[in-house]
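work-v2.cif follows; it contains mmCIF, C-alpha atoms and all ligand atoms; chains and numbers go by the auth columns.
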data_input
#
loop_
_atom_site.group_PDB
_atom_site.id
_atom_site.type_symbol
_atom_site.label_atom_id
_atom_site.label_comp_id
_atom_site.label_asym_id
_atom_site.label_seq_id
_atom_site.Cartn_x
_atom_site.Cartn_y
_atom_site.Cartn_z
_atom_site.B_iso_or_equiv
_atom_site.auth_seq_id
_atom_site.auth_asym_id
ATOM 1 C CA MET A 1 -10.559 48.843 104.124 0.00 478 S
ATOM 2 C CA ASP A 2 -14.038 48.962 105.667 0.00 479 S
ATOM 3 C CA ASN A 3 -14.600 45.358 104.614 0.00 480 S
ATOM 4 C CA PHE A 4 -11.319 44.334 106.161 0.00 481 S
ATOM 5 C CA ILE A 5 -12.220 45.979 109.481 0.00 482 S
ATOM 6 C CA SER A 6 -15.636 44.281 109.442 0.00 483 S
ATOM 7 C CA TRP A 7 -13.976 40.933 108.750 0.00 484 S
ATOM 8 C CA ILE A 8 -11.514 41.384 111.622 0.00 485 S
ATOM 9 C CA SER A 9 -14.319 42.456 113.988 0.00 486 S
ATOM 10 C CA ALA A 10 -16.465 39.481 113.020 0.00 487 S
ATOM 11 C CA SER A 11 -13.519 37.074 113.474 0.00 488 S
ATOM 12 C CA LEU A 12 -12.731 38.489 116.908 0.00 489 S
ATOM 13 C CA LEU A 13 -16.368 38.170 117.925 0.00 490 S
ATOM 14 C CA VAL A 14 -16.509 34.538 116.794 0.00 491 S
ATOM 15 C CA ALA A 15 -13.251 33.778 118.633 0.00 492 S
ATOM 16 C CA PHE A 16 -14.593 35.419 121.813 0.00 493 S
ATOM 17 C CA LEU A 17 -17.858 33.467 121.585 0.00 494 S
ATOM 18 C CA CYS A 18 -15.965 30.179 121.131 0.00 495 S
ATOM 19 C CA TYR A 19 -13.712 30.988 124.134 0.00 496 S
ATOM 20 C CA THR A 20 -16.693 31.824 126.368 0.00 497 S
ATOM 21 C CA VAL A 21 -20.298 30.826 125.576 0.00 498 S
ATOM 22 C CA GLY A 22 -19.404 27.975 123.228 0.00 499 S
ATOM 23 C CA ALA A 23 -16.899 26.414 125.639 0.00 500 S
ATOM 24 C CA SER A 24 -19.373 26.710 128.537 0.00 501 S
ATOM 25 C CA ALA A 25 -22.155 25.014 126.603 0.00 502 S
ATOM 26 C CA LEU A 26 -19.936 22.191 125.304 0.00 503 S
ATOM 27 C CA TYR A 27 -18.211 21.441 128.596 0.00 504 S
ATOM 28 C CA ARG A 28 -21.449 21.499 130.563 0.00 505 S
ATOM 29 C CA ARG A 29 -23.107 19.171 128.070 0.00 506 S
ATOM 30 C CA PHE A 30 -20.313 16.751 127.207 0.00 507 S
ATOM 31 C CA ALA A 31 -17.339 16.930 129.583 0.00 508 S
ATOM 32 C CA SER A 32 -17.509 14.001 132.010 0.00 509 S
ATOM 33 C CA SER A 33 -15.229 15.909 134.370 0.00 510 S
ATOM 34 C CA VAL A 34 -17.890 18.594 134.941 0.00 511 S
ATOM 35 C CA ILE A 35 -20.175 17.420 137.758 0.00 512 S
ATOM 36 C CA ILE A 36 -23.833 18.351 137.544 0.00 513 S
ATOM 37 C CA LYS A 37 -25.440 15.588 139.613 0.00 514 S
ATOM 38 C CA GLY A 38 -24.627 12.809 142.062 0.00 515 S
ATOM 39 C CA ALA A 39 -26.031 9.287 142.126 0.00 516 S
ATOM 40 C CA LYS A 40 -26.581 8.314 145.752 0.00 517 S
ATOM 41 C CA LYS A 41 -30.061 7.192 146.662 0.00 518 S
ATOM 42 C CA HIS A 42 -32.018 9.604 148.849 0.00 519 S
ATOM 43 C CA LYS A 43 -29.057 11.964 149.132 0.00 520 S
ATOM 44 C CA ILE A 44 -28.887 15.541 147.861 0.00 521 S
ATOM 45 C CA SER A 45 -26.279 18.296 148.181 0.00 522 S
ATOM 46 C CA LEU A 46 -27.255 21.785 149.246 0.00 523 S
ATOM 47 C CA THR A 47 -24.532 24.137 148.002 0.00 524 S
ATOM 48 C CA PHE A 48 -24.177 27.868 148.619 0.00 525 S
ATOM 49 C CA ASP A 49 -22.265 30.377 146.490 0.00 526 S
ATOM 50 C CA ASP A 50 -20.809 33.872 146.973 0.00 527 S
ATOM 51 C CA GLY A 51 -20.365 33.929 150.764 0.00 528 S
ATOM 52 C CA PRO A 52 -19.592 34.024 153.493 0.00 529 S
ATOM 53 C CA ASN A 53 -21.918 36.781 154.655 0.00 530 S
ATOM 54 C CA PRO A 54 -21.639 37.897 158.299 0.00 531 S
ATOM 55 C CA VAL A 55 -25.438 38.254 158.682 0.00 532 S
ATOM 56 C CA TYR A 56 -26.905 35.384 156.658 0.00 533 S
ATOM 57 C CA THR A 57 -24.315 32.612 156.730 0.00 534 S
ATOM 58 C CA PRO A 58 -24.446 32.131 160.535 0.00 535 S
ATOM 59 C CA LYS A 59 -28.282 31.985 160.356 0.00 536 S
ATOM 60 C CA LEU A 60 -28.007 29.383 157.622 0.00 537 S
ATOM 61 C CA LEU A 61 -25.498 27.371 159.651 0.00 538 S
ATOM 62 C CA ASP A 62 -27.913 27.423 162.608 0.00 539 S
ATOM 63 C CA LEU A 63 -30.686 26.040 160.387 0.00 540 S
ATOM 64 C CA LEU A 64 -28.485 23.306 158.896 0.00 541 S
ATOM 65 C CA LYS A 65 -27.381 22.315 162.398 0.00 542 S
ATOM 66 C CA GLN A 66 -30.956 22.114 163.620 0.00 543 S
ATOM 67 C CA TYR A 67 -31.778 19.454 160.989 0.00 544 S
ATOM 68 C CA ASP A 68 -28.311 17.868 160.802 0.00 545 S
ATOM 69 C CA MET A 69 -27.944 18.655 157.079 0.00 546 S
ATOM 70 C CA LYS A 70 -24.439 19.021 155.611 0.00 547 S
ATOM 71 C CA ALA A 71 -23.687 21.536 152.879 0.00 548 S
ATOM 72 C CA THR A 72 -20.887 22.763 150.628 0.00 549 S
ATOM 73 C CA PHE A 73 -19.983 26.455 150.551 0.00 550 S
ATOM 74 C CA PHE A 74 -18.349 27.849 147.400 0.00 551 S
ATOM 75 C CA VAL A 75 -16.733 30.907 148.924 0.00 552 S
ATOM 76 C CA VAL A 76 -15.204 34.025 147.374 0.00 553 S
ATOM 77 C CA GLY A 77 -11.576 34.191 148.567 0.00 554 S
ATOM 78 C CA THR A 78 -11.442 37.912 149.357 0.00 555 S
ATOM 79 C CA ILE A 79 -14.666 37.699 151.397 0.00 556 S
ATOM 80 C CA ALA A 80 -13.529 34.529 153.177 0.00 557 S
ATOM 81 C CA GLU A 81 -10.411 36.394 154.303 0.00 558 S
ATOM 82 C CA GLN A 82 -12.641 39.015 155.977 0.00 559 S
ATOM 83 C CA HIS A 83 -14.632 36.407 157.935 0.00 560 S
ATOM 84 C CA PRO A 84 -12.294 33.493 158.704 0.00 561 S
ATOM 85 C CA HIS A 85 -14.260 32.471 161.811 0.00 562 S
ATOM 86 C CA ILE A 86 -17.326 31.688 159.641 0.00 563 S
ATOM 87 C CA LEU A 87 -15.293 29.259 157.503 0.00 564 S
ATOM 88 C CA GLN A 88 -13.856 27.693 160.634 0.00 565 S
ATOM 89 C CA ARG A 89 -17.374 27.199 161.971 0.00 566 S
ATOM 90 C CA MET A 90 -18.453 25.559 158.664 0.00 567 S
ATOM 91 C CA VAL A 91 -15.676 22.989 158.904 0.00 568 S
ATOM 92 C CA LYS A 92 -16.217 22.395 162.619 0.00 569 S
ATOM 93 C CA GLU A 93 -19.877 21.623 161.954 0.00 570 S
ATOM 94 C CA GLY A 94 -19.111 19.097 159.213 0.00 571 S
ATOM 95 C CA HIS A 95 -19.618 21.226 156.105 0.00 572 S
ATOM 96 C CA GLU A 96 -17.299 21.488 153.139 0.00 573 S
ATOM 97 C CA VAL A 97 -15.627 24.655 151.859 0.00 574 S
ATOM 98 C CA ALA A 98 -14.932 24.906 148.128 0.00 575 S
ATOM 99 C CA ILE A 99 -13.583 27.374 145.572 0.00 576 S
ATOM 100 C CA HIS A 100 -15.651 30.046 143.768 0.00 577 S
ATOM 101 C CA HIS A 101 -13.029 32.619 142.670 0.00 578 S
ATOM 102 C CA HIS A 102 -10.773 34.899 144.670 0.00 579 S
ATOM 103 C CA ARG A 103 -12.854 37.840 143.408 0.00 580 S
ATOM 104 C CA HIS A 104 -16.372 37.335 142.011 0.00 581 S
ATOM 105 C CA ILE A 105 -15.393 37.649 138.367 0.00 582 S
ATOM 106 C CA SER A 106 -16.525 35.710 135.294 0.00 583 S
ATOM 107 C CA ALA A 107 -14.100 33.306 133.595 0.00 584 S
ATOM 108 C CA TRP A 108 -15.310 34.851 130.325 0.00 585 S
ATOM 109 C CA LEU A 109 -13.346 37.990 131.196 0.00 586 S
ATOM 110 C CA LEU A 110 -10.159 36.179 132.218 0.00 587 S
ATOM 111 C CA THR A 111 -7.173 34.857 130.307 0.00 588 S
ATOM 112 C CA PRO A 112 -6.157 31.281 131.178 0.00 589 S
ATOM 113 C CA SER A 113 -3.375 32.482 133.496 0.00 590 S
ATOM 114 C CA GLN A 114 -5.648 35.027 135.234 0.00 591 S
ATOM 115 C CA LEU A 115 -8.213 32.262 135.732 0.00 592 S
ATOM 116 C CA LYS A 116 -5.623 29.954 137.270 0.00 593 S
ATOM 117 C CA LYS A 117 -4.636 32.738 139.650 0.00 594 S
ATOM 118 C CA GLU A 118 -8.272 33.320 140.746 0.00 595 S
ATOM 119 C CA ILE A 119 -8.651 29.616 141.539 0.00 596 S
ATOM 120 C CA GLN A 120 -5.270 29.264 143.259 0.00 597 S
ATOM 121 C CA LEU A 121 -5.619 32.378 145.443 0.00 598 S
ATOM 122 C CA CYS A 122 -9.074 31.263 146.593 0.00 599 S
ATOM 123 C CA SER A 123 -7.811 27.740 147.300 0.00 600 S
ATOM 124 C CA GLN A 124 -4.856 29.096 149.289 0.00 601 S
ATOM 125 C CA ALA A 125 -7.152 31.331 151.362 0.00 602 S
ATOM 126 C CA ILE A 126 -9.410 28.357 152.184 0.00 603 S
ATOM 127 C CA GLU A 127 -6.466 26.165 153.155 0.00 604 S
ATOM 128 C CA ARG A 128 -4.879 28.905 155.251 0.00 605 S
ATOM 129 C CA ILE A 129 -8.127 29.526 157.160 0.00 606 S
ATOM 130 C CA THR A 130 -9.494 25.987 157.547 0.00 607 S
ATOM 131 C CA GLY A 131 -6.337 23.874 157.316 0.00 608 S
ATOM 132 C CA LYS A 132 -8.104 21.805 154.633 0.00 609 S
ATOM 133 C CA LYS A 133 -7.385 21.629 150.922 0.00 610 S
ATOM 134 C CA PRO A 134 -10.563 22.166 148.878 0.00 611 S
ATOM 135 C CA GLN A 135 -11.624 19.535 146.350 0.00 612 S
ATOM 136 C CA PHE A 136 -14.251 21.295 144.227 0.00 613 S
ATOM 137 C CA TYR A 137 -14.482 24.464 142.131 0.00 614 S
ATOM 138 C CA ARG A 138 -17.580 26.209 140.830 0.00 615 S
ATOM 139 C CA PRO A 139 -17.031 29.206 138.529 0.00 616 S
ATOM 140 C CA PRO A 140 -19.079 32.381 139.185 0.00 617 S
ATOM 141 C CA TRP A 141 -22.341 32.297 137.154 0.00 618 S
ATOM 142 C CA GLY A 142 -21.272 28.815 135.963 0.00 619 S
ATOM 143 C CA HIS A 143 -19.144 30.498 133.290 0.00 620 S
ATOM 144 C CA LEU A 144 -16.402 28.305 131.841 0.00 621 S
ATOM 145 C CA ASN A 145 -13.886 29.345 129.219 0.00 622 S
ATOM 146 C CA VAL A 146 -11.908 27.080 126.885 0.00 623 S
ATOM 147 C CA SER A 147 -9.117 26.718 129.450 0.00 624 S
ATOM 148 C CA SER A 148 -11.291 26.199 132.550 0.00 625 S
ATOM 149 C CA ILE A 149 -11.022 22.422 132.943 0.00 626 S
ATOM 150 C CA VAL A 150 -7.235 22.416 132.553 0.00 627 S
ATOM 151 C CA MET A 151 -6.740 25.521 134.702 0.00 628 S
ATOM 152 C CA ALA A 152 -9.012 24.150 137.446 0.00 629 S
ATOM 153 C CA SER A 153 -7.041 20.895 137.757 0.00 630 S
ATOM 154 C CA PRO A 154 -6.609 19.242 140.284 0.00 631 S
ATOM 155 C CA TYR A 155 -9.944 20.598 141.495 0.00 632 S
ATOM 156 C CA GLN A 156 -13.128 19.081 140.108 0.00 633 S
ATOM 157 C CA VAL A 157 -15.551 21.453 138.383 0.00 634 S
ATOM 158 C CA VAL A 158 -19.107 21.398 139.769 0.00 635 S
ATOM 159 C CA ILE A 159 -22.085 23.147 138.219 0.00 636 S
ATOM 160 C CA TRP A 160 -25.567 22.155 139.518 0.00 637 S
ATOM 161 C CA SER A 161 -28.707 20.220 138.709 0.00 638 S
ATOM 162 C CA GLY A 162 -31.039 22.867 140.125 0.00 639 S
ATOM 163 C CA ILE A 163 -30.810 26.677 140.064 0.00 640 S
ATOM 164 C CA PHE A 164 -33.710 28.813 141.300 0.00 641 S
ATOM 165 C CA GLY A 165 -33.161 32.575 140.958 0.00 642 S
ATOM 166 C CA ASP A 166 -32.862 32.887 144.740 0.00 643 S
ATOM 167 C CA TRP A 167 -30.427 35.820 144.313 0.00 644 S
ATOM 168 C CA SER A 168 -33.355 38.047 143.319 0.00 645 S
ATOM 169 C CA LEU A 169 -36.118 39.397 145.564 0.00 646 S
ATOM 170 C CA LYS A 170 -38.419 38.912 142.556 0.00 647 S
ATOM 171 C CA THR A 171 -38.327 35.182 143.277 0.00 648 S
ATOM 172 C CA THR A 172 -40.750 34.970 146.181 0.00 649 S
ATOM 173 C CA THR A 173 -40.320 32.592 149.095 0.00 650 S
ATOM 174 C CA ALA A 174 -43.401 30.645 147.971 0.00 651 S
ATOM 175 C CA THR A 175 -42.043 30.196 144.420 0.00 652 S
ATOM 176 C CA LEU A 176 -38.702 29.173 145.792 0.00 653 S
ATOM 177 C CA ILE A 177 -40.248 26.535 148.072 0.00 654 S
ATOM 178 C CA GLU A 178 -42.190 25.058 145.146 0.00 655 S
ATOM 179 C CA GLN A 179 -39.102 24.953 142.933 0.00 656 S
ATOM 180 C CA LEU A 180 -36.938 23.388 145.634 0.00 657 S
ATOM 181 C CA LYS A 181 -39.548 20.685 146.205 0.00 658 S
ATOM 182 C CA SER A 182 -39.906 19.951 142.495 0.00 659 S
ATOM 183 C CA HIS A 183 -36.156 19.251 142.185 0.00 660 S
ATOM 184 C CA LEU A 184 -36.073 16.800 145.078 0.00 661 S
ATOM 185 C CA GLU A 185 -34.598 13.564 143.717 0.00 662 S
ATOM 186 C CA SER A 186 -31.600 11.368 144.469 0.00 663 S
ATOM 187 C CA GLY A 187 -28.306 13.046 143.594 0.00 664 S
ATOM 188 C CA SER A 188 -29.679 16.573 143.106 0.00 665 S
ATOM 189 C CA ILE A 189 -27.131 19.348 143.529 0.00 666 S
ATOM 190 C CA TYR A 190 -28.900 22.543 144.571 0.00 667 S
ATOM 191 C CA VAL A 191 -27.203 25.910 144.094 0.00 668 S
ATOM 192 C CA LEU A 192 -28.338 28.709 146.399 0.00 669 S
ATOM 193 C CA HIS A 193 -26.714 31.981 147.479 0.00 670 S
ATOM 194 C CA ASP A 194 -25.890 33.016 151.054 0.00 671 S
ATOM 195 C CA ASN A 195 -24.576 36.443 150.047 0.00 672 S
ATOM 196 C CA GLY A 196 -26.488 39.082 148.070 0.00 673 S
ATOM 197 C CA ASP A 197 -23.612 41.535 147.674 0.00 674 S
ATOM 198 C CA THR A 198 -22.565 40.283 144.236 0.00 675 S
ATOM 199 C CA LEU A 199 -23.289 41.928 140.888 0.00 676 S
ATOM 200 C CA GLY A 200 -26.882 41.310 139.783 0.00 677 S
ATOM 201 C CA ALA A 201 -28.058 40.045 143.183 0.00 678 S
ATOM 202 C CA ASP A 202 -30.303 41.663 145.802 0.00 679 S
ATOM 203 C CA GLU A 203 -28.616 42.329 149.121 0.00 680 S
ATOM 204 C CA LYS A 204 -31.515 40.960 151.166 0.00 681 S
ATOM 205 C CA ALA A 205 -32.326 37.994 148.926 0.00 682 S
ATOM 206 C CA PRO A 206 -30.597 35.450 151.222 0.00 683 S
ATOM 207 C CA GLU A 207 -33.227 36.252 153.859 0.00 684 S
ATOM 208 C CA GLN A 208 -35.933 34.849 151.543 0.00 685 S
ATOM 209 C CA MET A 209 -33.759 31.888 150.630 0.00 686 S
ATOM 210 C CA ILE A 210 -33.327 30.980 154.317 0.00 687 S
ATOM 211 C CA GLU A 211 -37.088 31.348 154.881 0.00 688 S
ATOM 212 C CA ALA A 212 -37.703 28.945 151.990 0.00 689 S
ATOM 213 C CA LEU A 213 -35.211 26.435 153.421 0.00 690 S
ATOM 214 C CA LYS A 214 -37.029 26.541 156.759 0.00 691 S
ATOM 215 C CA GLU A 215 -39.909 24.861 154.971 0.00 692 S
ATOM 216 C CA PHE A 216 -37.995 22.826 152.399 0.00 693 S
ATOM 217 C CA ILE A 217 -35.474 21.133 154.724 0.00 694 S
ATOM 218 C CA PRO A 218 -38.062 19.511 157.049 0.00 695 S
ATOM 219 C CA TYR A 219 -40.073 18.531 153.940 0.00 696 S
ATOM 220 C CA ALA A 220 -37.023 16.859 152.378 0.00 697 S
ATOM 221 C CA LYS A 221 -36.299 14.999 155.630 0.00 698 S
ATOM 222 C CA GLN A 222 -39.870 13.832 155.816 0.00 699 S
ATOM 223 C CA GLN A 223 -39.527 12.442 152.284 0.00 700 S
ATOM 224 C CA GLY A 224 -36.439 10.488 153.400 0.00 701 S
ATOM 225 C CA TYR A 225 -33.760 12.774 151.916 0.00 702 S
ATOM 226 C CA THR A 226 -30.679 14.162 153.634 0.00 703 S
ATOM 227 C CA SER A 227 -28.127 16.658 152.384 0.00 704 S
ATOM 228 C CA GLU A 228 -24.477 15.608 152.271 0.00 705 S
ATOM 229 C CA THR A 229 -21.305 17.466 151.397 0.00 706 S
ATOM 230 C CA LEU A 230 -20.250 17.065 147.758 0.00 707 S
ATOM 231 C CA GLN A 231 -17.297 14.918 148.875 0.00 708 S
ATOM 232 C CA GLU A 232 -19.774 12.463 150.392 0.00 709 S
ATOM 233 C CA LEU A 233 -22.311 12.707 147.569 0.00 710 S
ATOM 234 C CA MET A 234 -19.682 11.896 144.935 0.00 711 S
ATOM 235 C CA LYS A 235 -18.298 8.859 146.764 0.00 712 S
ATOM 236 C CA GLU A 236 -19.131 5.506 145.190 0.00 713 S
ATOM 237 C CA GLY A 237 -21.952 3.483 146.675 0.00 714 S
HETATM 238 ZN ZN ZN B . -21.291 33.433 142.386 0.00 801 S
#

Mind turning the file's structure into structure tokens?
Amino acid sequence: MDNFISWISASLLVAFLCYTVGASALYRRFASSVIIKGAKKHKISLTFDDGPNPVYTPKLLDLLKQYDMKATFFVVGTIAEQHPHILQRMVKEGHEVAIHHHRHISAWLLTPSQLKKEIQLCSQAIERITGKKPQFYRPPWGHLNVSSIVMASPYQVVIWSGIFGDWSLKTTTATLIEQLKSHLESGSIYVLHDNGDTLGADEKAPEQMIEALKEFIPYAKQQGYTSETLQELMKEG
């Protein structure tokens, strides 16, 4: 009996790992439908997850406006509903709004139908607030499960080509600036975080991230790079 229970436990664990970690690794490595980088010369995409945040997102929008850089915001649906005017400002200033989840929850903890609901509710909130249908979806923590690509359809799944630990105060502004500079190349998709209220993040971390961008954005411009929305970055040519 003990052996049987061990066998069942081991089988369940293997099944869970295939559904979660295994699927994430395989899709991110091999699925052509999962975007990790663009191809346009001297163009990058700055993308921001987990917002909007009433303190930091407007500051970030001011900075982007100052240098005429366009970004994509992967918003959490429930938070977006609390700050609709911030999403409206994003769209008005030429940025793109995209889907994170309706609540900030990992796809590893969701059944396929729960996952579909998270994506749909977030998409509906974005469309209701901005009047625009989103095109892209990035799962919280980049976690995909076996069903993610099918459940996300018709939205395209986007991960990133550069991630920097900007959600933690342990990553100093100086380190962040160095890392951002070292990833500067055509087609790079940067993931940063404009809200520190999520699990595992530091509330004030976006302040450091914005400080780092104050140095990185003019540097990138000087090197001939501009940031475009993902819709623009992924267009041919
Ligand atoms: Zn997130």

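We find CA of His581 in chain S and CA of Ser659 in chain S to be spaced 29.3 Å apart.
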
For Pro683 in chain S, please output as a ChimeraX atom specification all residues within 12 Å (counting only C-alpha atoms; exclusion window: fewer than 4 positions along the same chain).
/S:525-537,642-646,648-650,653,669-675,678-679,687-690

Proximity check range 527-646 of chain S to range 486-505 of chain S, 12 Å, nearest pairs one decimal Å, only C-alpha atoms, as a tab-separated table:
residue	atom	partner	partner_atom	distance
S:Ser583	CA	S:Thr497	CA	9.7
S:Ala584	CA	S:Thr497	CA	7.8
S:Trp585	CA	S:Thr497	CA	5.2
S:Leu586	CA	S:Thr497	CA	8.5
S:Leu587	CA	S:Thr497	CA	9.8
S:Thr588	CA	S:Tyr496	CA	9.8
S:Pro589	CA	S:Tyr496	CA	10.3
S:Arg615	CA	S:Arg505	CA	11.9
S:Pro616	CA	S:Ser501	CA	10.6
S:Trp618	CA	S:Ser501	CA	10.7
S:Gly619	CA	S:Ser501	CA	7.9
S:His620	CA	S:Ser501	CA	6.1
S:Leu621	CA	S:Ser501	CA	4.7
S:Asn622	CA	S:Thr497	CA	4.7
S:Val623	CA	S:Tyr496	CA	5.1
S:Ser624	CA	S:Tyr496	CA	8.2
S:Ser625	CA	S:Ala500	CA	8.9
S:Ile626	CA	S:Tyr504	CA	8.5
S:Val627	CA	S:Tyr504	CA	11.7
S:Val634	CA	S:Arg505	CA	9.8
S:Val635	CA	S:Arg505	CA	9.5
S:Ile636	CA	S:Arg505	CA	7.9
S:Trp637	CA	S:Arg505	CA	9.9
S:Ser638	CA	S:Arg505	CA	11.0

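Each of S:Tyr632, S:Tyr667, S:Phe551, S:Phe693 was compared to ligand ZN 801 (chain S) using only C-alpha atoms and all ligand atoms, and S:Phe551 turns out to be the nearest.
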
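Relative to CA of Lys681 in chain S, CA of Leu523 in chain S is found at 19.7 Å.
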
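The coordinates place CA of Ile654 in chain S at 14.3 Å from CA of Lys698 in chain S.
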
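Under the PyMOL selection byres (((chain S and resi 555) around 8) and not hetatm), the matching residues in the shown file are Val553, Gly554, Ile556, Ala557, Glu558, Gln559, His579, Arg580 and Cys599 of chain S.
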
Around the point (-5.0, 30.0, 153.7), in the coordinates given by the file, pick out the residues reaching within 12 Å, counting all atoms listed in the file, and return them as a PyMOL selection string.
chain S and resi 554-555+557-558+561+564-565+579+597-611

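The result of the PyMOL selection byres (((chain S and resi 541) around 10) and not hetatm) on the shown file is Leu523, Pro535, Lys536, Leu537, Leu538, Asp539, Leu540, Lys542, Gln543, Tyr544, Asp545, Met546, Lys547, Ala548, Glu570, His572, Leu690, Lys691, Ile694 and Ser704 of chain S.
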
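Residue nearest Phe550 in chain S, chosen from S:Glu655, S:Glu680, S:Glu705, S:Glu662 and counting only C-alpha atoms: S:Glu705.
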
Which residues, named as in the file, does the PyMOL selection byres (((chain S and resi 663) around 10) and not hetatm) pick out? Answer as a PyMOL selection string.
chain S and resi 514-522+660-662+664-666+702-703+710

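Using only C-alpha atoms and all ligand atoms, the shortest contact distance between ligand ZN 801 (chain S) and any of S:Gln633, S:Ser509, S:Ser590, S:Thr524 is found at S:Thr524.
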
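For the set S:Val511, S:Met567, S:Leu676, S:Lys593, the residue with the smallest atom-to-atom gap to Pro617 in chain S is S:Leu676, counting only C-alpha atoms.
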